[in-house]
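A.B. asks: Once you've had a glance at the structure underneath, I'll fire off some questions.
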Amino acid sequence: MSASNSSRPGQYLTVTPAKAGVQGDRHILATLDPSPDLIRGSRRDDEGKRTGLKSAIALAFLLLALPASAEEQPSAAAMAKAREVVAASMVPGSQEQMIGGISASIGQLILSVNPGREAQIGPVVDAYFTPLLRQHFSELSDVPAAEFARSFTPAELDQILAFYRSPLGKKYLEAQAKVQTDMMTQGPTVTRRLLDEAMKKMAPELGRQGLKVPTY
């Protein structure tokens with residue numbers, strides 16, 4: 001699955017799953033910070049720095065998602081079954097797209113202190129960070145797996161697994177992949193329209209309170 005956005009205000013940053021340094025396809029769940037074009041056609045350096053910081057914080061929460069000590073830890077058998085559910089319920093291609101999105105946020109962070117150096121940053125991220133993330137991706141998959149193992153009984157996990165492995169379940173995942181593509185292509189347009197409508201109403205009140213109206 002592939003989608004590409006042009007570099008203009010209101011569009012999302014895009015990343016490539018295979019070469020995820022700084023640009024390419026974008027998965028709806030892959031990008032940690034849905035900011036406007038910060039790498040291709042960046043508008044302001046300070047905006048890029050702020051977004052790089054936000055991405056780093058979000059990435060830290062994602063990669064360091066430690067289980068709460070107060071929560072009951074699932075049994076090994078429950079985790080094994082839950083991992084099967086996670087694998088079976090994943091939209092085809094989404095793992096590489098998630099890896100690409102996380103790698104892109106690292107590229108953004110490095111780019112925020114090295115503006116205009118995309119061509120050098122991408123290969124470095126691809127060579128050093130992306131392979132490590134791919135190697136340890138199962139640790140990220142264990143986050144939803146642990147929640148599934150706590151939330152469902154073994155019998156319920158078997159039912160969920162049976163659904164995703166059924167013809168109907170596979171058809172659902174195929175449709176979900178198309179929905180994600182539609183969200184990537186149509187979502188920014190809808191969001192921009194809503195923002196334009198809301199900004200017309202907010203602008204007078206912002207002005208009365210001495211606040212500036214942002215440009216985008």
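Starting from 1 in every chain, residues are counted up; chains themselves are A, B, ... following the order of the structure tokens, and ligands are numbered from 1 as listed.
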Please list as a list in words every residue within 12 Å of A:Ala76, counting only C-alpha atoms and excluding residues in the same chain fewer than 3 positions away.

C.D. replies: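 Answer for this query is Gln73, Met79, Ala80, Lys81, Ala82, Arg83, Asp142, Ala145, Ala146, Ala149, Arg150 and Pro154 of chain A.
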
A.B. asks: Residues as selected, N, CA and C atoms, written as a PDB file, in the first residue's frame, can you do that?

C.D. replies:
```pdb
ATOM      1  N   GLN A  73       0.632  -9.044  35.511  1.00  0.00           N
ATOM      2  CA  GLN A  73       1.325  -9.440  34.304  1.00  0.00           C
ATOM      3  C   GLN A  73       0.730 -10.732  33.746  1.00  0.00           C
ATOM      4  N   MET A  79       0.209 -14.586  26.840  1.00  0.00           N
ATOM      5  CA  MET A  79       0.973 -13.696  25.967  1.00  0.00           C
ATOM      6  C   MET A  79       1.218 -14.338  24.604  1.00  0.00           C
ATOM      7  N   ALA A  80       1.486 -15.621  24.607  1.00  0.00           N
ATOM      8  CA  ALA A  80       1.733 -16.314  23.341  1.00  0.00           C
ATOM      9  C   ALA A  80       0.498 -16.239  22.444  1.00  0.00           C
ATOM     10  N   LYS A  81      -0.660 -16.467  23.040  1.00  0.00           N
ATOM     11  CA  LYS A  81      -1.904 -16.414  22.282  1.00  0.00           C
ATOM     12  C   LYS A  81      -2.190 -14.976  21.828  1.00  0.00           C
ATOM     13  N   ALA A  82      -1.943 -14.023  22.702  1.00  0.00           N
ATOM     14  CA  ALA A  82      -2.191 -12.620  22.367  1.00  0.00           C
ATOM     15  C   ALA A  82      -1.266 -12.143  21.252  1.00  0.00           C
ATOM     16  N   ARG A  83      -0.036 -12.622  21.237  1.00  0.00           N
ATOM     17  CA  ARG A  83       0.892 -12.261  20.156  1.00  0.00           C
ATOM     18  C   ARG A  83       0.365 -12.767  18.816  1.00  0.00           C
ATOM     19  N   ASP A 142       4.555  -6.343  21.749  1.00  0.00           N
ATOM     20  CA  ASP A 142       4.159  -6.906  23.045  1.00  0.00           C
ATOM     21  C   ASP A 142       3.312  -5.936  23.870  1.00  0.00           C
ATOM     22  N   ALA A 145      -0.166  -6.719  22.839  1.00  0.00           N
ATOM     23  CA  ALA A 145      -0.361  -8.126  23.190  1.00  0.00           C
ATOM     24  C   ALA A 145      -0.623  -8.289  24.685  1.00  0.00           C
ATOM     25  N   ALA A 146       0.111  -7.550  25.504  1.00  0.00           N
ATOM     26  CA  ALA A 146      -0.079  -7.637  26.955  1.00  0.00           C
ATOM     27  C   ALA A 146      -1.472  -7.156  27.348  1.00  0.00           C
ATOM     28  N   ALA A 149      -3.958  -9.791  26.398  1.00  0.00           N
ATOM     29  CA  ALA A 149      -3.860 -10.931  27.307  1.00  0.00           C
ATOM     30  C   ALA A 149      -4.547 -10.643  28.631  1.00  0.00           C
ATOM     31  N   ARG A 150      -4.519  -9.375  29.071  1.00  0.00           N
ATOM     32  CA  ARG A 150      -5.195  -9.005  30.314  1.00  0.00           C
ATOM     33  C   ARG A 150      -6.695  -8.841  30.130  1.00  0.00           C
ATOM     34  N   PRO A 154      -8.510 -16.787  27.435  1.00  0.00           N
ATOM     35  CA  PRO A 154      -7.937 -17.588  26.351  1.00  0.00           C
ATOM     36  C   PRO A 154      -8.985 -17.989  25.309  1.00  0.00           C
TER      37      PRO A 154
END
```

A.B. asks: Please identify all polymer residues within 12 Å of A:Gln159, counting only C-alpha atoms, omitting same-chain residues fewer than 5 positions from it, and present them as a VMD selection string.

C.D. replies: chain A and resid 81 to 82 84 to 85 152 to 154 164 to 166 169

A.B. asks: Mind dumping the selected residues with C-alpha atoms as an mmCIF file, in the first residue's frame?

C.D. replies:
```
data_model
loop_
_atom_site.group_PDB
_atom_site.id
_atom_site.type_symbol
_atom_site.label_atom_id
_atom_site.label_comp_id
_atom_site.auth_asym_id
_atom_site.auth_seq_id
_atom_site.Cartn_x
_atom_site.Cartn_y
_atom_site.Cartn_z
ATOM 1 C CA LYS A 81 -1.904 -16.414 22.282
ATOM 2 C CA ALA A 82 -2.191 -12.620 22.367
ATOM 3 C CA GLU A 84 -0.845 -14.462 17.606
ATOM 4 C CA VAL A 85 -3.845 -12.130 17.701
ATOM 5 C CA PHE A 152 -9.568 -11.323 27.115
ATOM 6 C CA THR A 153 -9.811 -14.896 28.283
ATOM 7 C CA PRO A 154 -7.937 -17.588 26.351
ATOM 8 C CA TYR A 164 -8.939 -12.787 11.657
ATOM 9 C CA ARG A 165 -7.821 -16.070 10.123
ATOM 10 C CA SER A 166 -11.199 -16.605 8.476
ATOM 11 C CA GLY A 169 -11.422 -11.555 8.740
#
```

A.B. asks: Quote the spacing between atom CA of A:Ser141 and atom CA of A:Ala162 in Å to one decimal place.

C.D. replies: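 Taking atom CA of A:Ser141 as the start and atom CA of A:Ala162 as the end point, the length is 19.5 Å.
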
A.B. asks: Here is a test: counting only C-alpha atoms, which residue of A:Gly187, A:Gly207, A:Pro167, A:Gly122 is nearest to A:Ser105?

C.D. replies: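 Comparing A:Gly187, A:Gly207, A:Pro167, A:Gly122 against A:Ser105, the winner is A:Gly122.
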
A.B. asks: Kindly give the distance, in Å, that separates atom CA of A:Val113 and atom CA of A:Gly100, rounded to a single decimal.

C.D. replies: 20.6 Å
